[in-house]
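Structure below is run_16.txt: compact mmCIF, C-alpha atoms.
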# COMPACT_ATOMS: atom_id res chain seq x y z
CA MET E 1 24.09 67.54 118.02
CA SER E 2 25.20 70.03 120.61
CA ALA E 3 28.65 71.52 120.88
CA LYS E 4 28.74 69.81 124.26
CA SER E 5 29.13 66.40 122.64
CA GLY E 6 32.45 64.80 123.37
CA ARG E 7 34.29 64.01 126.57
CA GLY E 8 32.23 64.04 129.70
CA TRP E 9 29.02 64.14 127.69
CA SER E 10 27.04 60.92 127.94
CA LYS E 11 24.43 59.50 125.61
CA THR E 12 21.84 60.22 128.31
CA ASP E 13 22.89 63.88 128.33
CA ALA E 14 22.52 64.01 124.54
CA LEU E 15 19.08 62.35 124.65
CA ILE E 16 17.91 64.84 127.28
CA GLU E 17 19.21 67.83 125.34
CA GLU E 18 17.64 66.65 122.09
CA GLY E 19 14.31 65.92 123.77
CA THR E 20 14.43 62.20 122.97
CA PHE E 21 15.05 60.87 126.48
CA ASN E 22 12.47 58.26 127.47
CA SER E 23 11.59 59.15 131.06
CA SER E 24 9.58 55.91 131.28
CA ALA E 25 12.52 53.65 130.43
CA ASP E 26 11.85 51.55 133.52
CA LYS E 27 8.45 50.55 132.07
CA VAL E 28 9.94 48.97 128.94
CA ARG E 29 9.72 45.19 129.47
CA ASP E 30 10.81 43.94 126.04
CA PRO E 31 13.74 41.57 126.77
CA LYS E 32 15.78 43.11 123.93
CA PHE E 33 16.04 46.30 125.99
CA SER E 34 17.17 44.56 129.19
CA HIS E 35 20.78 43.60 128.55
CA SER E 36 21.81 45.03 125.22
CA GLU E 37 24.36 47.58 124.17
CA PHE E 38 22.32 48.33 121.06
CA PHE E 39 18.75 48.58 122.39
CA ASP E 40 18.51 51.48 124.82
CA PRO E 41 15.25 51.91 126.78
CA GLN E 42 16.19 55.55 127.42
CA ASP E 43 16.10 56.35 123.67
CA ALA E 44 12.45 57.28 123.05
CA VAL E 45 12.77 57.14 119.26
CA GLN E 46 14.33 53.68 119.32
CA VAL E 47 11.71 52.41 121.78
CA ARG E 48 8.81 53.78 119.71
CA TYR E 49 10.23 52.38 116.48
CA GLU E 50 10.72 48.92 117.99
CA MET E 51 7.22 49.08 119.48
CA LEU E 52 5.75 49.77 116.02
CA ARG E 53 7.92 47.07 114.45
CA ARG E 54 6.68 44.50 116.96
CA VAL E 55 3.09 45.05 115.80
CA SER E 56 3.82 45.48 112.11
CA VAL E 57 6.46 42.78 111.55
CA ASP E 58 6.12 40.38 114.47
CA LYS E 59 2.31 40.63 114.34
CA ALA E 60 2.02 41.16 118.10
CA SER E 61 -1.23 42.69 119.35
CA VAL E 62 -1.38 46.41 120.12
CA THR E 63 -2.56 45.62 123.64
CA GLU E 64 0.34 43.22 124.25
CA VAL E 65 2.90 45.67 122.86
CA SER E 66 1.43 48.59 124.81
CA ILE E 67 1.90 46.64 128.03
CA GLU E 68 5.38 45.47 127.01
CA TYR E 69 6.53 49.04 126.26
CA GLY E 70 4.73 50.70 129.17
CA VAL E 71 2.49 52.97 127.07
CA SER E 72 -1.24 53.34 126.61
CA ARG E 73 -2.93 52.11 123.45
CA PRO E 74 -3.72 55.72 122.40
CA THR E 75 0.01 56.48 122.74
CA TYR E 76 0.77 53.55 120.45
CA TYR E 77 -1.76 54.75 117.85
CA GLN E 78 -0.41 58.32 118.03
CA ALA E 79 3.13 57.04 117.44
CA LYS E 80 1.85 54.95 114.50
CA ALA E 81 0.08 57.95 112.97
CA ASN E 82 3.18 60.13 113.42
CA PHE E 83 5.37 57.44 111.84
CA ASP E 84 2.97 56.97 108.93
CA ALA E 85 2.95 60.73 108.32
CA ALA E 86 6.65 61.52 108.71
CA GLY E 87 8.66 58.32 108.99
CA ILE E 88 11.26 58.01 111.71
CA ALA E 89 11.27 61.80 112.19
CA GLY E 90 7.64 61.53 113.31
CA LEU E 91 8.79 59.52 116.33
CA VAL E 92 10.89 62.39 117.68
CA PRO E 93 8.87 64.03 120.46
CA ALA E 94 7.64 67.53 119.70
CA LYS E 95 9.28 70.33 121.62
CA PRO E 96 7.05 71.48 124.51
CA GLY E 97 5.78 74.99 124.95
CA PRO E 98 4.54 77.66 122.60
CA HIS E 99 5.82 77.76 119.05
CA GLY E 100 6.24 81.40 118.22
CA PRO E 101 4.92 84.57 119.77
CA HIS E 102 1.27 84.04 120.70
CA LYS E 103 0.47 87.65 121.58
CA ILE E 104 1.50 89.10 118.23
CA ASP E 105 -1.32 89.01 115.71
CA GLN E 106 -1.95 91.16 112.63
CA ASP E 107 -3.38 94.03 114.67
CA VAL E 108 -0.35 94.14 116.97
CA MET E 109 2.03 93.98 113.99
CA ALA E 110 0.13 96.82 112.31
CA PHE E 111 0.36 98.86 115.52
CA LEU E 112 4.11 98.24 115.78
CA GLU E 113 4.75 99.03 112.11
CA ALA E 114 2.69 102.24 112.40
CA HIS E 115 4.86 103.44 115.27
CA LEU E 116 8.21 102.81 113.59
CA VAL E 117 10.13 105.86 112.49
CA SER E 118 11.64 105.44 109.03
CA GLY E 119 15.43 105.60 108.99
CA GLU E 120 15.74 105.23 112.76
CA PRO E 121 16.54 102.11 114.76
CA VAL E 122 13.71 100.15 116.35
CA ARG E 123 13.04 101.44 119.84
CA ALA E 124 11.57 98.27 121.26
CA ARG E 125 11.32 99.54 124.85
CA GLU E 126 9.27 102.52 123.73
CA LEU E 127 7.08 100.28 121.57
CA ALA E 128 6.54 97.95 124.54
CA LYS E 129 5.38 100.91 126.64
CA LEU E 130 3.02 102.06 123.87
CA LEU E 131 1.57 98.57 123.53
CA ARG E 132 0.98 98.38 127.26
CA ARG E 133 -0.62 101.83 127.36
CA ASP E 134 -2.73 101.70 124.20
CA LEU E 135 -3.58 98.01 123.75
CA GLU E 136 -2.99 96.69 127.28
CA ILE E 137 -0.61 94.04 125.92
CA ASP E 138 2.65 93.21 127.70
CA LEU E 139 5.44 92.22 125.33
CA HIS E 140 9.11 91.99 126.08
CA PRO E 141 11.17 94.39 123.95
CA ARG E 142 13.22 91.49 122.56
CA THR E 143 10.01 89.79 121.40
CA ILE E 144 9.08 92.98 119.57
CA GLU E 145 12.51 93.15 117.92
CA ARG E 146 12.27 89.54 116.76
CA ALA E 147 8.74 89.97 115.41
CA LEU E 148 9.68 93.09 113.44
CA LYS E 149 12.81 91.44 112.07
CA LYS E 150 10.85 88.35 111.01
CA ASN E 151 8.10 90.49 109.44
CA ARG E 152 10.64 92.35 107.29
CA ARG E 153 12.09 89.21 105.68

Serialized structure, structure tokens:
Amino acid sequence: MSAKSGRGWSKTDALIEEGTFNSSADKVRDPKFSHSEFFDPQDAVQVRYEMLRRVSVDKASVTEVSIEYGVSRPTYYQAKANFDAAGIAGLVPAKPGPHGPHKIDQDVMAFLEAHLVSGEPVRARELAKLLRRDLEIDLHPRTIERALKKNRR
């Protein structure tokens, strides 16, 4: 967990930071989540797990559970597939946004590598200007530095 955990840092803050805050907590109608210190409707992982358990163990219908937990049936089935594939870790929501640099392909890496001067530090600002001029691709210099560092591992 974050270094911010501790005094003045609530469970809600931690759930938000970790990406596991259930923004639809008000839609959870299962009585266990109403007045319990243990069951927290704001904890998306706990809500999804209990939703799956209700169908699997309690033999409730998917439709009934979907209504009770305020999700669509496709959302239930996606959670089930994620759980079947990865266990409890599959219930943790994926981080939003791009995963890795999407503008840097093999051609861009080859271009960058070709313009490096052996024995000299990476001049990312100059490489960014060359990319813009020659390939019409805008990349931040820090993105270039990270890509070259990762490529050299």

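Note that CA of Ser24 in chain E and CA of Val71 in chain E are 8.8 Å apart.
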
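If you count all atoms listed in the file and ignore residues fewer than 6 places along the chain from range 103-111 of chain E, what sits within 9 Å of it is Leu131, Leu135, Ile137, Asp138, Leu139, Ile144, Ala147, Leu148 and Asn151 of chain E.
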
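Of the listed residues E:Asp43, E:Glu18, E:Glu145, E:Glu136, the one whose atoms come nearest to Ala124 in chain E is E:Glu145, with distances taken using all atoms listed in the file.
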
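Our summary of the geometry notes that CA of Gly19 in chain E is positioned 7.0 Å from CA of Lys95 in chain E.
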
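The coordinates place CA of Ala94 in chain E at 25.6 Å from CA of Lys149 in chain E.
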
(Q) For a quick check of your reading of the model, name the residues lying within 12 Å of the coordinate (9.7, 49.8, 128.7), counting only C-alpha atoms, and write them as a ChimeraX atom specification. (A) /E:22-34,39-44,46-48,50-51,65-72

Which residues of range 31-60 of chain E have any atom within 12 Å of an atom in range 80-84 of chain E when counting only C-alpha atoms, and what is the closest pair of atoms for each, with the distance in Å to one decimal? Order the rows by chain and rising number and write it as a Markdown table.
| residue | atom | partner | partner_atom | distance |
| --- | --- | --- | --- | --- |
| E:Val45 | CA | E:Phe83 | CA | 10.5 |
| E:Arg48 | CA | E:Lys80 | CA | 8.8 |
| E:Tyr49 | CA | E:Phe83 | CA | 8.4 |
| E:Glu50 | CA | E:Lys80 | CA | 11.3 |
| E:Met51 | CA | E:Lys80 | CA | 9.4 |
| E:Leu52 | CA | E:Lys80 | CA | 6.7 |
| E:Arg53 | CA | E:Lys80 | CA | 9.9 |
| E:Arg54 | CA | E:Lys80 | CA | 11.8 |
| E:Val55 | CA | E:Lys80 | CA | 10.1 |
| E:Ser56 | CA | E:Lys80 | CA | 10.0 |

Write out as lines of an AutoDock Vina configuration file an axis-aligned box for range 131-140 of chain E: all of its atoms listed in the file, 4 Å added on each side, centre and edge lengths in Å with one decimal.
center_x = 2.8
center_y = 96.9
center_z = 125.6
size_x = 20.7
size_y = 17.8
size_z = 12.2
